[in-house]
Amino acid sequence: MATEIDRAAALAALDERLRWLSAWTIHNANHLRPSRDGLKVGGHQASCASITAIMAVLYFHALRPQDKVAVKPHAGPVLHAIHYLLGQQTREQLQAFRSFGGAQSYPSRTKDRIPVDFSTGSVGLGVAVTAFASLVQDYLIAHNALAETDAGRMIALMGDAELDEGNIYECLIEAYKHDIRNCWWIVDYNRQSLDATTADRMFRRFDDIFATTGWRVVTLKSGRLQRAAFAEPGGEALEAWIDACPNADYAALTYNGGAAWRTRLTAELGGVPGIRELLARRDDAALQALMTNLGGHCIETLMAAFDGVTDERNTLFIAYTIKGQGLPFAGHKDNHAGLMTPTQIEGLRASLGIAPGEEWEPWAGLGDNSAAALRAFVGQSALARARAARPAATVAVPALPTPEGAEQSTQAAFGKILFELAKGGSALAERIVTTSPDVTVSTNLGAWVNQRGLFRRRDHPDVFRANNIPSPQKWAATGTGQHIELGIAEHNLFLMLAAAGLSGPLFGHRLLPAGTVYDPFIARGLDVLNYACYQDARFLLVATPSGLTLGPEGGAHQSINTPLIGMGQPGLTAFEPAFADELAAMMAWAFGHMQADDGGSVYLRLSTRAVAQVARADDGWREGALAGGYWLRPPAPGARLALVASGALMPEALAAWQALNTEEPGTGLLNVTSPDLLHRGWSAAQAARWTAGTRPQAQVEALLDPLAADARLVTLIDGSPAALSWLGGVRGQRVAPLGVDRFGQTGDLPDLYRTYRLDVEAVLDAAAELYG
């Protein structure tokens with residue numbers, strides 16, 4: 001077993017090794033690999049170099065198997081280098097960094113071949129998701145799905161510029177409300193972003209901001225060499241000078257080197273007793289090493305800091321670093337996207353004793369004995385000895401009953417379906433966890449919460465009920481509750497869904513999260529929705545109410561382009577049901593799809609409008625509804641006209657169909673339950689001729705087959721008309737698209753539908769115009 005001194009030396013060697021491998025990987029991609037398009041590949045050598053010591057100590061000393069890490073995006077090459085040393089990454093992947101099929105630019109759960117806990121790349125989100133992962137871990141512990149002794153730390157490695165992102169502070173507030181624990185956020189405080197040097201005055205406030213929300217703040221400013229110098233005569237003055245030195249000045253002096261430090265310190269501190277002697281005891285190289293020996297680069301300092309936190313309290317480590325540490329452009333203001341020249345990389349290679357042609361060898365330049373010792377050290381790390389997680393078990397999904405009622409809205413039906421689930425004791429009901437950003441009642445989740453309760457790590461009684469104040473909401477909060485109530489912040493909703501939707505791969509226990517939000521406010525959290533889908537988190541997004549049909553609420557609350565979001569978002573299948581039985585079928589399908597190997601997340605666009613339910617002769621509609629559409633009123637063979645409608649406007653479509661059939665018998669009414677699935681299937685069918693050599697018939701083509709080749713289509717949706725107007729391109733048919741392409745306003749439905757041409761008269765006019 002390595003001694004503590006040996007351990008520090010080994011970690012220092014790994015710091016050096018990670019700096020080299022990350023820099024060489026990026027150099028190879030930009031200078032050695034043939035370029036076919038002439039574009040710069042990039043890769044952020046300086047951002048990697050500033051964090052290698054932190055990651056060496058974290059991954060090979062402090063990390064435990066149950067800990068999860070979100071790595072700052074620009075440190076992706078360092079993460080690949082770590083797994084290369086662990087034998088979990090291949091040389092071929094590193095050589096293909098940022099090329100097709102190779103190691104990704106930023107850590108990716110779904111596209112990288114190495115273990116990645118959280119995808120990062122959208123700045124700040126990889127940080128914030130760790131707080132919600134901590135909340136999910138506490139939920140699993142409280143529900144006896146995870147042992148307290150297996151609780152891990154949720155760790156985020158971030159660049160200091162990520163603290164400019166607003167989602168960090170929305171997250172901090174929500175995390176404080178839910179009393180999360182076991183979070184470590186480690187700031188690589190290199191004080192340089194893409195365009196500028198970080199403002200000095202802000203980091204004097206972060207201590208207060210985090211402390212206010214209960215975090216411990218550990219600042220690692222000085223390394224071992226600096227602390228020793230501070231103890232020498234004149235050292236106190238040197239420490240005070242460093243503390244007061246502006247970030248930009250410190251970076252510039254670092255770039256200019258030891259002679260520049262000597263000139264500046266002599267000019268400003270030369271009269272202080274002991275300073276001249278302190279400087280004279282060090283040549284320029286030693287002075288440069290002293291002045292850049294910040295806490296984030298000092299192995300002993302980092303080890304002590306990580307070892308010193310043994311409790312569950314959330315901790316922010318502010319580790320001072322130099323951007324580009326150990327590289328020729330360390331401290332240069334333009335080094336963020338800068339690349340070392342071939343001459344510079346050759347100088348670095350030579351300084352490490354790596355022979356030409358051995359650049360990819362993991363332990364090159366160390367000598368046989370040192371290489372064997374370091375390889376053994378890495379092999380003893382917790383990560384090297386960790387066992388692969390077992391896949392989470394699949395939960396059976398029973399048939400979901402259709403709520404009774406001659407007239408129902410899909411939003412109300414959603415609440416009734418969940419309520420019936422809540423009353424039962426199925427395994428499915430036990431795995432569902434709901435969440436909402438302060439719209440639980442108005443999105444019809446109240447009955448579910450009454451049955452299943454709010455989740456809190458510490459019990460909170462229902463004060464209103466205890467004081468005999470009548471309310472339909474009976475919301476005591478306990479550790480066994482299954483609803484996580486959030487504040488009004490859509491970013492937090494989608495981060496919560498992302499974290500809960502990764503519970504299976506992260507913690508080995510599958511949850512089936514369902515989140516509700518007002519449909520227009522999907523746009524507020526769209527970046528996070530995309531982030532969640534990118535890392536294949538599995539969840540059910542229920543967005544309601546939607547469209548102009550919201551009526552008196554007005555334009556600010558009336559969604560327009562959300563059907564297009566549903567169509568365009570990878571990893572998300574969007575449905576817009578018109579009837580309660582469709583919704584029940586979609587929800588059952590969704591809970592299965594969320595668990596399938598080739599599955600994903602699901603988005604339901606619902607409405608508050610109560611519509612008359614249709615009588616069904618049989619279940620023949622069900623397969624089509626789950627595939628994207630079916631003929632609610634089948635057309636006659638060779639029909640010259642068809643109406644196509646989605647969701648809440650089905651009553652108008654039915655009334656118009658009835659009127660048209662008196663003049664144009666055989667007109668059909670196509671109920672499109674998922675423009676997303678129909679369009680995706682059509683695109684896939686067209687692409688198959690190149691990928692599979694055959695061209696299958698798409699679902700939408702089969703649906704339109706009964707119509708005459710020159711048949712006209714009138715499409716109707718309470719949203720962007722583009723969501724359905726593309727149907728004309730399937731067979732080259734003329735389309736009259738009806739929908740909403742401008743902001744709404746307050747009003748009742750007759751006025752709004754008339755003004756925005758969504759009513760029966762608009763449908764009839766559009767049909768007449770097609771044949772005019």
# chains A, B, ... in the order shown; residues from 1 in each chain; ligands from 1

$ select_by_dssp --residues "stretch 222-297 of chain A" --states "alpha helix (DSSP H)" --output "PyMOL selection string"
chain A and resi 224-230+235-244+247-256+258-269+275-280+284-291

$ write_last_selection --atoms "N, CA and C atoms" --output "compact mmCIF listing (two decimals), in the first residue's frame"
# COMPACT_ATOMS: atom_id res chain seq x y z
N ARG A 224 1.14 24.51 -1.19
CA ARG A 224 2.15 24.25 -0.15
C ARG A 224 3.35 25.18 -0.27
N LEU A 225 3.83 25.43 -1.49
CA LEU A 225 5.00 26.30 -1.67
C LEU A 225 4.69 27.72 -1.23
N GLN A 226 3.52 28.22 -1.57
CA GLN A 226 3.18 29.58 -1.17
C GLN A 226 3.03 29.70 0.33
N ARG A 227 2.41 28.71 0.94
CA ARG A 227 2.22 28.80 2.39
C ARG A 227 3.57 28.78 3.11
N ALA A 228 4.52 28.02 2.58
CA ALA A 228 5.86 28.02 3.17
C ALA A 228 6.52 29.39 3.00
N ALA A 229 6.35 30.00 1.85
CA ALA A 229 6.94 31.32 1.60
C ALA A 229 6.30 32.38 2.50
N PHE A 230 5.01 32.25 2.77
CA PHE A 230 4.32 33.22 3.63
C PHE A 230 4.87 33.19 5.05
N GLY A 235 6.93 37.37 4.20
CA GLY A 235 5.90 36.53 3.60
C GLY A 235 4.49 37.06 3.78
N GLU A 236 4.22 37.70 4.92
CA GLU A 236 2.88 38.24 5.15
C GLU A 236 2.55 39.31 4.11
N ALA A 237 3.54 40.12 3.77
CA ALA A 237 3.33 41.17 2.77
C ALA A 237 3.09 40.53 1.39
N LEU A 238 3.82 39.47 1.09
CA LEU A 238 3.62 38.78 -0.18
C LEU A 238 2.20 38.20 -0.26
N GLU A 239 1.74 37.60 0.83
CA GLU A 239 0.39 37.02 0.84
C GLU A 239 -0.66 38.11 0.64
N ALA A 240 -0.48 39.24 1.30
CA ALA A 240 -1.44 40.34 1.15
C ALA A 240 -1.42 40.87 -0.28
N TRP A 241 -0.22 40.94 -0.89
CA TRP A 241 -0.12 41.41 -2.27
C TRP A 241 -0.86 40.47 -3.22
N ILE A 242 -0.67 39.17 -3.02
CA ILE A 242 -1.36 38.19 -3.87
C ILE A 242 -2.87 38.32 -3.72
N ASP A 243 -3.32 38.50 -2.47
CA ASP A 243 -4.77 38.62 -2.24
C ASP A 243 -5.36 39.84 -2.94
N ALA A 244 -4.56 40.91 -3.04
CA ALA A 244 -5.07 42.16 -3.62
C ALA A 244 -4.82 42.26 -5.12
N ASN A 247 -7.18 39.98 -11.05
CA ASN A 247 -7.09 38.75 -11.83
C ASN A 247 -6.33 38.95 -13.14
N ALA A 248 -6.62 40.05 -13.85
CA ALA A 248 -5.97 40.29 -15.13
C ALA A 248 -4.46 40.45 -14.95
N ASP A 249 -4.05 41.16 -13.91
CA ASP A 249 -2.62 41.34 -13.65
C ASP A 249 -1.95 40.01 -13.35
N TYR A 250 -2.61 39.20 -12.55
CA TYR A 250 -2.02 37.91 -12.17
C TYR A 250 -1.83 37.03 -13.40
N ALA A 251 -2.81 37.05 -14.30
CA ALA A 251 -2.72 36.26 -15.53
C ALA A 251 -1.57 36.75 -16.41
N ALA A 252 -1.47 38.07 -16.57
CA ALA A 252 -0.41 38.63 -17.42
C ALA A 252 0.97 38.32 -16.86
N LEU A 253 1.14 38.46 -15.56
CA LEU A 253 2.44 38.16 -14.94
C LEU A 253 2.78 36.68 -15.08
N THR A 254 1.78 35.83 -14.95
CA THR A 254 2.01 34.40 -15.13
C THR A 254 2.54 34.12 -16.53
N TYR A 255 1.92 34.76 -17.52
CA TYR A 255 2.36 34.52 -18.91
C TYR A 255 3.79 35.02 -19.13
N ASN A 256 4.13 36.14 -18.53
CA ASN A 256 5.46 36.73 -18.75
C ASN A 256 6.55 36.04 -17.95
N GLY A 258 8.90 34.32 -14.55
CA GLY A 258 9.58 34.66 -13.31
C GLY A 258 10.21 36.03 -13.30
N ALA A 259 10.83 36.44 -14.40
CA ALA A 259 11.48 37.76 -14.43
C ALA A 259 10.45 38.86 -14.24
N ALA A 260 9.29 38.71 -14.84
CA ALA A 260 8.25 39.72 -14.70
C ALA A 260 7.74 39.78 -13.25
N TRP A 261 7.58 38.61 -12.64
CA TRP A 261 7.17 38.58 -11.23
C TRP A 261 8.22 39.31 -10.37
N ARG A 262 9.48 39.07 -10.63
CA ARG A 262 10.55 39.66 -9.82
C ARG A 262 10.53 41.19 -9.94
N THR A 263 10.37 41.67 -11.19
CA THR A 263 10.37 43.12 -11.39
C THR A 263 9.19 43.75 -10.68
N ARG A 264 8.01 43.17 -10.82
CA ARG A 264 6.79 43.74 -10.23
C ARG A 264 6.85 43.69 -8.71
N LEU A 265 7.25 42.56 -8.16
CA LEU A 265 7.27 42.42 -6.70
C LEU A 265 8.35 43.31 -6.08
N THR A 266 9.47 43.42 -6.74
CA THR A 266 10.52 44.30 -6.23
C THR A 266 10.07 45.75 -6.23
N ALA A 267 9.38 46.14 -7.31
CA ALA A 267 8.93 47.53 -7.42
C ALA A 267 7.89 47.86 -6.35
N GLU A 268 7.03 46.93 -6.05
CA GLU A 268 5.90 47.25 -5.16
C GLU A 268 6.14 46.81 -3.71
N LEU A 269 7.04 45.83 -3.50
CA LEU A 269 7.26 45.34 -2.13
C LEU A 269 8.71 45.40 -1.71
N ILE A 275 11.61 40.88 1.87
CA ILE A 275 11.11 40.56 0.53
C ILE A 275 12.25 40.33 -0.45
N ARG A 276 13.25 41.22 -0.45
CA ARG A 276 14.34 41.06 -1.42
C ARG A 276 15.06 39.73 -1.20
N GLU A 277 15.24 39.36 0.05
CA GLU A 277 15.90 38.09 0.35
C GLU A 277 15.01 36.91 -0.07
N LEU A 278 13.71 37.04 0.18
CA LEU A 278 12.78 35.98 -0.23
C LEU A 278 12.86 35.75 -1.74
N LEU A 279 12.93 36.85 -2.49
CA LEU A 279 13.00 36.73 -3.94
C LEU A 279 14.37 36.21 -4.37
N ALA A 280 15.42 36.65 -3.70
CA ALA A 280 16.78 36.27 -4.09
C ALA A 280 17.03 34.79 -3.89
N ASP A 284 14.46 32.58 -11.41
CA ASP A 284 13.22 32.92 -12.11
C ASP A 284 12.28 31.72 -12.23
N ALA A 285 12.84 30.55 -12.50
CA ALA A 285 11.98 29.36 -12.63
C ALA A 285 11.31 29.03 -11.30
N ALA A 286 12.06 29.12 -10.21
CA ALA A 286 11.50 28.82 -8.90
C ALA A 286 10.47 29.87 -8.48
N LEU A 287 10.72 31.13 -8.86
CA LEU A 287 9.76 32.18 -8.53
C LEU A 287 8.46 31.98 -9.31
N GLN A 288 8.58 31.59 -10.58
CA GLN A 288 7.38 31.29 -11.37
C GLN A 288 6.61 30.12 -10.73
N ALA A 289 7.34 29.10 -10.30
CA ALA A 289 6.68 27.96 -9.66
C ALA A 289 5.98 28.38 -8.37
N LEU A 290 6.62 29.28 -7.62
CA LEU A 290 6.02 29.76 -6.38
C LEU A 290 4.73 30.52 -6.65
N MET A 291 4.79 31.45 -7.58
CA MET A 291 3.65 32.34 -7.80
C MET A 291 2.48 31.63 -8.50

$ residues_around --residues "stretch 169-184 of chain A" --least-positions-apart "6" --cutoff "6 Å" --atoms "only C-alpha atoms" --output "ChimeraX atom specification"
/A:128,135,153-155,213,312-316

$ write_last_selection --atoms "C-alpha atoms" --output "short mmCIF file (atom, residue, chain, number, x, y, z; two decimals), in the first residue's frame"
data_model
loop_
_atom_site.label_atom_id
_atom_site.label_comp_id
_atom_site.auth_asym_id
_atom_site.auth_seq_id
_atom_site.Cartn_x
_atom_site.Cartn_y
_atom_site.Cartn_z
CA ALA A 128 -27.34 22.08 -11.35
CA LEU A 135 -32.76 14.97 -4.13
CA ARG A 153 -21.75 12.41 -3.28
CA MET A 154 -23.16 14.22 -6.29
CA ILE A 155 -20.14 16.15 -7.55
CA THR A 213 -28.30 28.57 1.40
CA GLU A 312 -23.08 15.13 4.29
CA ARG A 313 -23.15 18.93 4.26
CA ASN A 314 -23.11 20.48 0.80
CA THR A 315 -19.69 21.96 0.07
CA LEU A 316 -18.41 24.46 -2.46
#

$ closest_residue --among "A:Ala156, A:Leu352, A:Ala574, A:Leu140" --to "A:Leu366" --atoms "only C-alpha atoms"
A:Leu352

$ residues_around --residues "A:Gln535" --least-positions-apart "5" --cutoff "6 Å" --atoms "only C-alpha atoms" --output "PyMOL selection string"
chain A and resi 109-110+119

$ residues_around --residues "stretch 6-8 of chain A" --least-positions-apart "3" --cutoff "9 Å" --atoms "only C-alpha atoms" --output "list in words"
Ala2, Thr3, Leu11, Ala12, Ala13, Val57, His61, Ile299, Glu300, Met303 and Phe377 of chain A

$ residues_around --residues "stretch 653-669 of chain A" --least-positions-apart "2" --cutoff "10 Å" --atoms "only C-alpha atoms" --output "PyMOL selection string"
chain A and resi 630-646+648-651+671-672+706-707+711+713-717+758-764+767-768

$ write_last_selection --atoms "N, CA and C atoms" --output "compact mmCIF listing (two decimals), in the first residue's frame"
# COMPACT_ATOMS: atom_id res chain seq x y z
N TYR A 630 -55.40 8.14 -36.93
CA TYR A 630 -56.36 7.16 -37.44
C TYR A 630 -57.56 7.93 -38.00
N TRP A 631 -58.32 7.25 -38.84
CA TRP A 631 -59.51 7.87 -39.42
C TRP A 631 -60.66 7.82 -38.41
N LEU A 632 -60.94 8.98 -37.85
CA LEU A 632 -62.10 9.07 -36.95
C LEU A 632 -63.38 8.91 -37.75
N ARG A 633 -63.38 9.44 -38.96
CA ARG A 633 -64.47 9.22 -39.92
C ARG A 633 -63.79 8.81 -41.23
N PRO A 634 -63.80 7.51 -41.55
CA PRO A 634 -63.05 7.04 -42.73
C PRO A 634 -63.58 7.66 -44.02
N PRO A 635 -62.70 7.92 -44.97
CA PRO A 635 -63.14 8.46 -46.26
C PRO A 635 -63.64 7.35 -47.17
N ALA A 636 -64.44 7.74 -48.12
CA ALA A 636 -64.81 6.79 -49.17
C ALA A 636 -63.61 6.57 -50.07
N PRO A 637 -63.48 5.39 -50.68
CA PRO A 637 -62.36 5.17 -51.61
C PRO A 637 -62.33 6.25 -52.69
N GLY A 638 -61.16 6.83 -52.89
CA GLY A 638 -61.01 7.87 -53.91
C GLY A 638 -61.59 9.21 -53.53
N ALA A 639 -61.82 9.43 -52.23
CA ALA A 639 -62.39 10.70 -51.77
C ALA A 639 -61.52 11.87 -52.21
N ARG A 640 -62.19 12.99 -52.53
CA ARG A 640 -61.48 14.16 -53.06
C ARG A 640 -61.12 15.17 -51.97
N LEU A 641 -61.59 14.94 -50.74
CA LEU A 641 -61.38 15.90 -49.66
C LEU A 641 -61.26 15.16 -48.34
N ALA A 642 -60.37 15.66 -47.49
CA ALA A 642 -60.27 15.13 -46.13
C ALA A 642 -59.95 16.26 -45.17
N LEU A 643 -60.54 16.18 -44.01
CA LEU A 643 -60.19 17.08 -42.92
C LEU A 643 -59.18 16.37 -42.03
N VAL A 644 -58.21 17.12 -41.53
CA VAL A 644 -57.17 16.59 -40.66
C VAL A 644 -57.12 17.48 -39.42
N ALA A 645 -57.31 16.90 -38.24
CA ALA A 645 -57.38 17.71 -37.03
C ALA A 645 -56.68 17.03 -35.88
N SER A 646 -56.31 17.84 -34.87
CA SER A 646 -55.67 17.35 -33.66
C SER A 646 -56.28 18.00 -32.43
N ALA A 648 -57.87 19.62 -29.17
CA ALA A 648 -59.06 20.30 -28.64
C ALA A 648 -60.00 20.81 -29.71
N LEU A 649 -59.56 20.92 -30.96
CA LEU A 649 -60.41 21.43 -32.03
C LEU A 649 -61.20 20.33 -32.73
N MET A 650 -61.22 19.14 -32.16
CA MET A 650 -61.96 18.04 -32.78
C MET A 650 -63.46 18.32 -32.89
N PRO A 651 -64.10 19.02 -31.94
CA PRO A 651 -65.53 19.33 -32.13
C PRO A 651 -65.78 20.16 -33.39
N ASN A 671 -57.86 11.95 -37.55
CA ASN A 671 -57.46 12.41 -36.22
C ASN A 671 -55.96 12.16 -36.06
N VAL A 672 -55.17 13.23 -36.12
CA VAL A 672 -53.72 13.10 -35.94
C VAL A 672 -53.42 13.24 -34.45
N PRO A 706 -56.26 5.85 -49.09
CA PRO A 706 -57.63 5.75 -49.61
C PRO A 706 -58.07 6.98 -50.42
N LEU A 707 -57.40 8.10 -50.25
CA LEU A 707 -57.82 9.33 -50.93
C LEU A 707 -57.40 9.32 -52.39
N ALA A 711 -56.56 14.58 -54.11
CA ALA A 711 -57.43 15.01 -53.02
C ALA A 711 -56.84 16.21 -52.30
N LEU A 713 -56.58 18.64 -48.72
CA LEU A 713 -56.58 18.48 -47.27
C LEU A 713 -56.79 19.83 -46.59
N VAL A 714 -57.66 19.86 -45.59
CA VAL A 714 -57.80 21.01 -44.69
C VAL A 714 -57.29 20.56 -43.33
N THR A 715 -56.24 21.21 -42.85
CA THR A 715 -55.66 20.82 -41.56
C THR A 715 -56.04 21.84 -40.49
N LEU A 716 -56.24 21.36 -39.27
CA LEU A 716 -56.75 22.20 -38.18
C LEU A 716 -56.08 21.79 -36.87
N ILE A 717 -55.38 22.76 -36.25
CA ILE A 717 -54.74 22.50 -34.97
C ILE A 717 -54.69 23.80 -34.17
N LEU A 758 -60.38 29.34 -36.60
CA LEU A 758 -60.33 27.97 -36.12
C LEU A 758 -61.73 27.37 -35.98
N ASP A 759 -62.74 28.12 -36.40
CA ASP A 759 -64.10 27.65 -36.19
C ASP A 759 -64.61 26.86 -37.39
N VAL A 760 -65.84 26.39 -37.29
CA VAL A 760 -66.43 25.56 -38.34
C VAL A 760 -66.49 26.34 -39.66
N GLU A 761 -66.89 27.60 -39.60
CA GLU A 761 -66.98 28.41 -40.82
C GLU A 761 -65.63 28.51 -41.52
N ALA A 762 -64.54 28.63 -40.73
CA ALA A 762 -63.20 28.71 -41.33
C ALA A 762 -62.85 27.42 -42.06
N VAL A 763 -63.24 26.29 -41.48
CA VAL A 763 -62.96 25.00 -42.12
C VAL A 763 -63.73 24.89 -43.43
N LEU A 764 -65.00 25.28 -43.40
CA LEU A 764 -65.82 25.19 -44.61
C LEU A 764 -65.30 26.15 -45.68
N ALA A 767 -62.19 24.63 -47.25
CA ALA A 767 -62.51 23.54 -48.16
C ALA A 767 -63.04 24.08 -49.49
N ALA A 768 -63.89 25.10 -49.42
CA ALA A 768 -64.45 25.68 -50.65
C ALA A 768 -63.36 26.33 -51.48

$ residues_around --residues "stretch 329-336 of chain A" --least-positions-apart "2" --cutoff "10 Å" --atoms "only C-alpha atoms" --output "PyMOL selection string"
chain A and resi 43-50+74+190-197+247-257+292+322-327+338-340+344

$ write_last_selection --atoms "N, CA and C atoms" --output "CSV table (one decimal), in the first residue's frame"
chain,number,residue,atom,x,y,z
A,43,GLY,N,-10.6,22.2,-28.9
A,43,GLY,CA,-10.5,21.2,-27.8
A,43,GLY,C,-10.1,21.8,-26.5
A,44,HIS,N,-9.7,23.1,-26.4
A,44,HIS,CA,-9.5,23.7,-25.1
A,44,HIS,C,-8.4,23.1,-24.3
A,45,GLN,N,-7.1,23.2,-24.8
A,45,GLN,CA,-6.0,22.7,-24.0
A,45,GLN,C,-5.8,23.4,-22.7
A,46,ALA,N,-6.0,24.7,-22.7
A,46,ALA,CA,-5.8,25.5,-21.5
A,46,ALA,C,-6.8,25.2,-20.4
A,47,SER,N,-8.1,25.0,-20.8
A,47,SER,CA,-9.1,24.7,-19.8
A,47,SER,C,-8.9,23.3,-19.2
A,48,CYS,N,-8.3,22.4,-20.0
A,48,CYS,CA,-7.9,21.1,-19.5
A,48,CYS,C,-6.8,21.2,-18.5
A,49,ALA,N,-5.8,22.0,-18.8
A,49,ALA,CA,-4.6,22.1,-18.0
A,49,ALA,C,-4.9,22.7,-16.6
A,50,SER,N,-5.9,23.5,-16.5
A,50,SER,CA,-6.2,24.2,-15.3
A,50,SER,C,-6.9,23.2,-14.2
A,74,HIS,N,-15.4,21.6,-20.9
A,74,HIS,CA,-14.1,21.7,-21.6
A,74,HIS,C,-13.0,20.8,-21.0
A,190,ASN,N,-10.0,29.5,-12.6
A,190,ASN,CA,-8.9,30.0,-13.4
A,190,ASN,C,-9.0,31.4,-13.8
A,191,ARG,N,-10.2,32.1,-13.5
A,191,ARG,CA,-10.4,33.5,-13.7
A,191,ARG,C,-10.3,34.0,-15.1
A,192,GLN,N,-10.5,33.1,-16.1
A,192,GLN,CA,-10.6,33.5,-17.5
A,192,GLN,C,-11.7,32.7,-18.2
A,193,SER,N,-12.5,33.5,-18.9
A,193,SER,CA,-13.6,32.9,-19.7
A,193,SER,C,-13.2,33.0,-21.2
A,194,LEU,N,-14.2,32.8,-22.1
A,194,LEU,CA,-13.9,32.9,-23.5
A,194,LEU,C,-13.4,34.3,-23.9
A,195,ASP,N,-14.1,35.3,-23.4
A,195,ASP,CA,-13.9,36.7,-23.9
A,195,ASP,C,-13.1,37.5,-22.9
A,196,ALA,N,-13.0,37.2,-21.6
A,196,ALA,CA,-12.5,38.1,-20.7
A,196,ALA,C,-11.9,37.4,-19.5
A,197,THR,N,-11.3,38.2,-18.6
A,197,THR,CA,-10.9,37.8,-17.3
A,197,THR,C,-12.0,38.0,-16.3
A,247,ASN,N,-7.2,40.0,-11.0
A,247,ASN,CA,-7.1,38.7,-11.8
A,247,ASN,C,-6.3,38.9,-13.1
A,248,ALA,N,-6.6,40.0,-13.8
A,248,ALA,CA,-6.0,40.3,-15.1
A,248,ALA,C,-4.5,40.5,-14.9
A,249,ASP,N,-4.0,41.2,-13.9
A,249,ASP,CA,-2.6,41.3,-13.7
A,249,ASP,C,-1.9,40.0,-13.3
A,250,TYR,N,-2.6,39.2,-12.6
A,250,TYR,CA,-2.0,37.9,-12.2
A,250,TYR,C,-1.8,37.0,-13.4
A,251,ALA,N,-2.8,37.0,-14.3
A,251,ALA,CA,-2.7,36.3,-15.5
A,251,ALA,C,-1.6,36.7,-16.4
A,252,ALA,N,-1.5,38.1,-16.6
A,252,ALA,CA,-0.4,38.6,-17.4
A,252,ALA,C,1.0,38.3,-16.9
A,253,LEU,N,1.1,38.5,-15.6
A,253,LEU,CA,2.4,38.2,-14.9
A,253,LEU,C,2.8,36.7,-15.1
A,254,THR,N,1.8,35.8,-15.0
A,254,THR,CA,2.0,34.4,-15.1
A,254,THR,C,2.5,34.1,-16.5
A,255,TYR,N,1.9,34.8,-17.5
A,255,TYR,CA,2.4,34.5,-18.9
A,255,TYR,C,3.8,35.0,-19.1
A,256,ASN,N,4.1,36.1,-18.5
A,256,ASN,CA,5.5,36.7,-18.7
A,256,ASN,C,6.6,36.0,-18.0
A,257,GLY,N,6.2,35.3,-16.9
A,257,GLY,CA,7.2,34.5,-16.2
A,257,GLY,C,7.9,35.1,-15.0
A,292,THR,N,2.7,30.5,-9.1
A,292,THR,CA,1.7,29.7,-9.8
A,292,THR,C,1.3,28.5,-8.9
A,322,ILE,N,-4.5,28.3,-12.5
A,322,ILE,CA,-4.0,29.1,-13.6
A,322,ILE,C,-4.5,28.5,-14.9
A,323,LYS,N,-5.2,29.2,-15.8
A,323,LYS,CA,-5.6,28.7,-17.0
A,323,LYS,C,-4.4,28.4,-17.9
A,324,GLY,N,-4.3,27.1,-18.3
A,324,GLY,CA,-3.2,26.7,-19.1
A,324,GLY,C,-2.0,26.3,-18.3
A,325,GLN,N,-2.2,26.0,-17.0
A,325,GLN,CA,-1.0,25.7,-16.1
A,325,GLN,C,-0.2,24.6,-16.7
A,326,GLY,N,1.2,24.9,-16.8
A,326,GLY,CA,2.1,23.9,-17.3
A,326,GLY,C,2.3,23.9,-18.8
A,327,LEU,N,1.5,24.8,-19.5
A,327,LEU,CA,1.6,24.9,-20.9
A,327,LEU,C,2.2,26.3,-21.3
A,338,GLY,N,-7.1,28.7,-27.6
A,338,GLY,CA,-5.8,28.6,-28.2
A,338,GLY,C,-5.3,27.2,-28.3
A,339,LEU,N,-4.4,27.0,-29.2
A,339,LEU,CA,-3.8,25.6,-29.4
A,339,LEU,C,-2.3,25.8,-29.4
A,340,MET,N,-1.6,24.9,-28.8
A,340,MET,CA,-0.2,24.9,-28.9
A,340,MET,C,0.3,24.6,-30.3
A,344,GLN,N,5.7,24.0,-29.8
A,344,GLN,CA,5.4,24.0,-28.4
A,344,GLN,C,5.1,22.6,-27.8

$ select_by_dssp --residues "stretch 423-553 of chain A" --states "strand (DSSP E)" --output "PyMOL selection string"
chain A and resi 432-437+454-455+477-478+483-486+512-517+540-543

$ write_last_selection --atoms "C-alpha atoms" --output "CSV table (one decimal), in the first residue's frame"
chain,number,residue,atom,x,y,z
A,432,ILE,CA,-44.4,7.0,-10.3
A,433,VAL,CA,-43.0,10.2,-8.8
A,434,THR,CA,-44.8,13.4,-9.9
A,435,THR,CA,-43.4,17.0,-9.8
A,436,SER,CA,-44.7,20.4,-10.8
A,437,PRO,CA,-43.5,24.1,-10.6
A,454,LEU,CA,-45.8,15.3,-0.8
A,455,PHE,CA,-42.2,14.1,-0.4
A,477,ALA,CA,-45.3,16.0,3.5
A,478,THR,CA,-43.4,12.8,4.5
A,483,HIS,CA,-44.9,14.2,-5.3
A,484,ILE,CA,-42.1,16.7,-5.3
A,485,GLU,CA,-43.4,20.3,-5.3
A,486,LEU,CA,-41.2,22.9,-6.9
A,512,LEU,CA,-41.1,6.8,-13.6
A,513,PRO,CA,-41.2,10.6,-13.2
A,514,ALA,CA,-44.2,12.6,-14.5
A,515,GLY,CA,-44.0,16.4,-14.5
A,516,THR,CA,-46.7,18.9,-15.3
A,517,VAL,CA,-46.3,22.4,-16.6
A,540,LEU,CA,-43.4,11.9,-18.9
A,541,LEU,CA,-44.0,15.6,-19.6
A,542,VAL,CA,-47.6,16.7,-19.3
A,543,ALA,CA,-48.1,20.2,-20.6
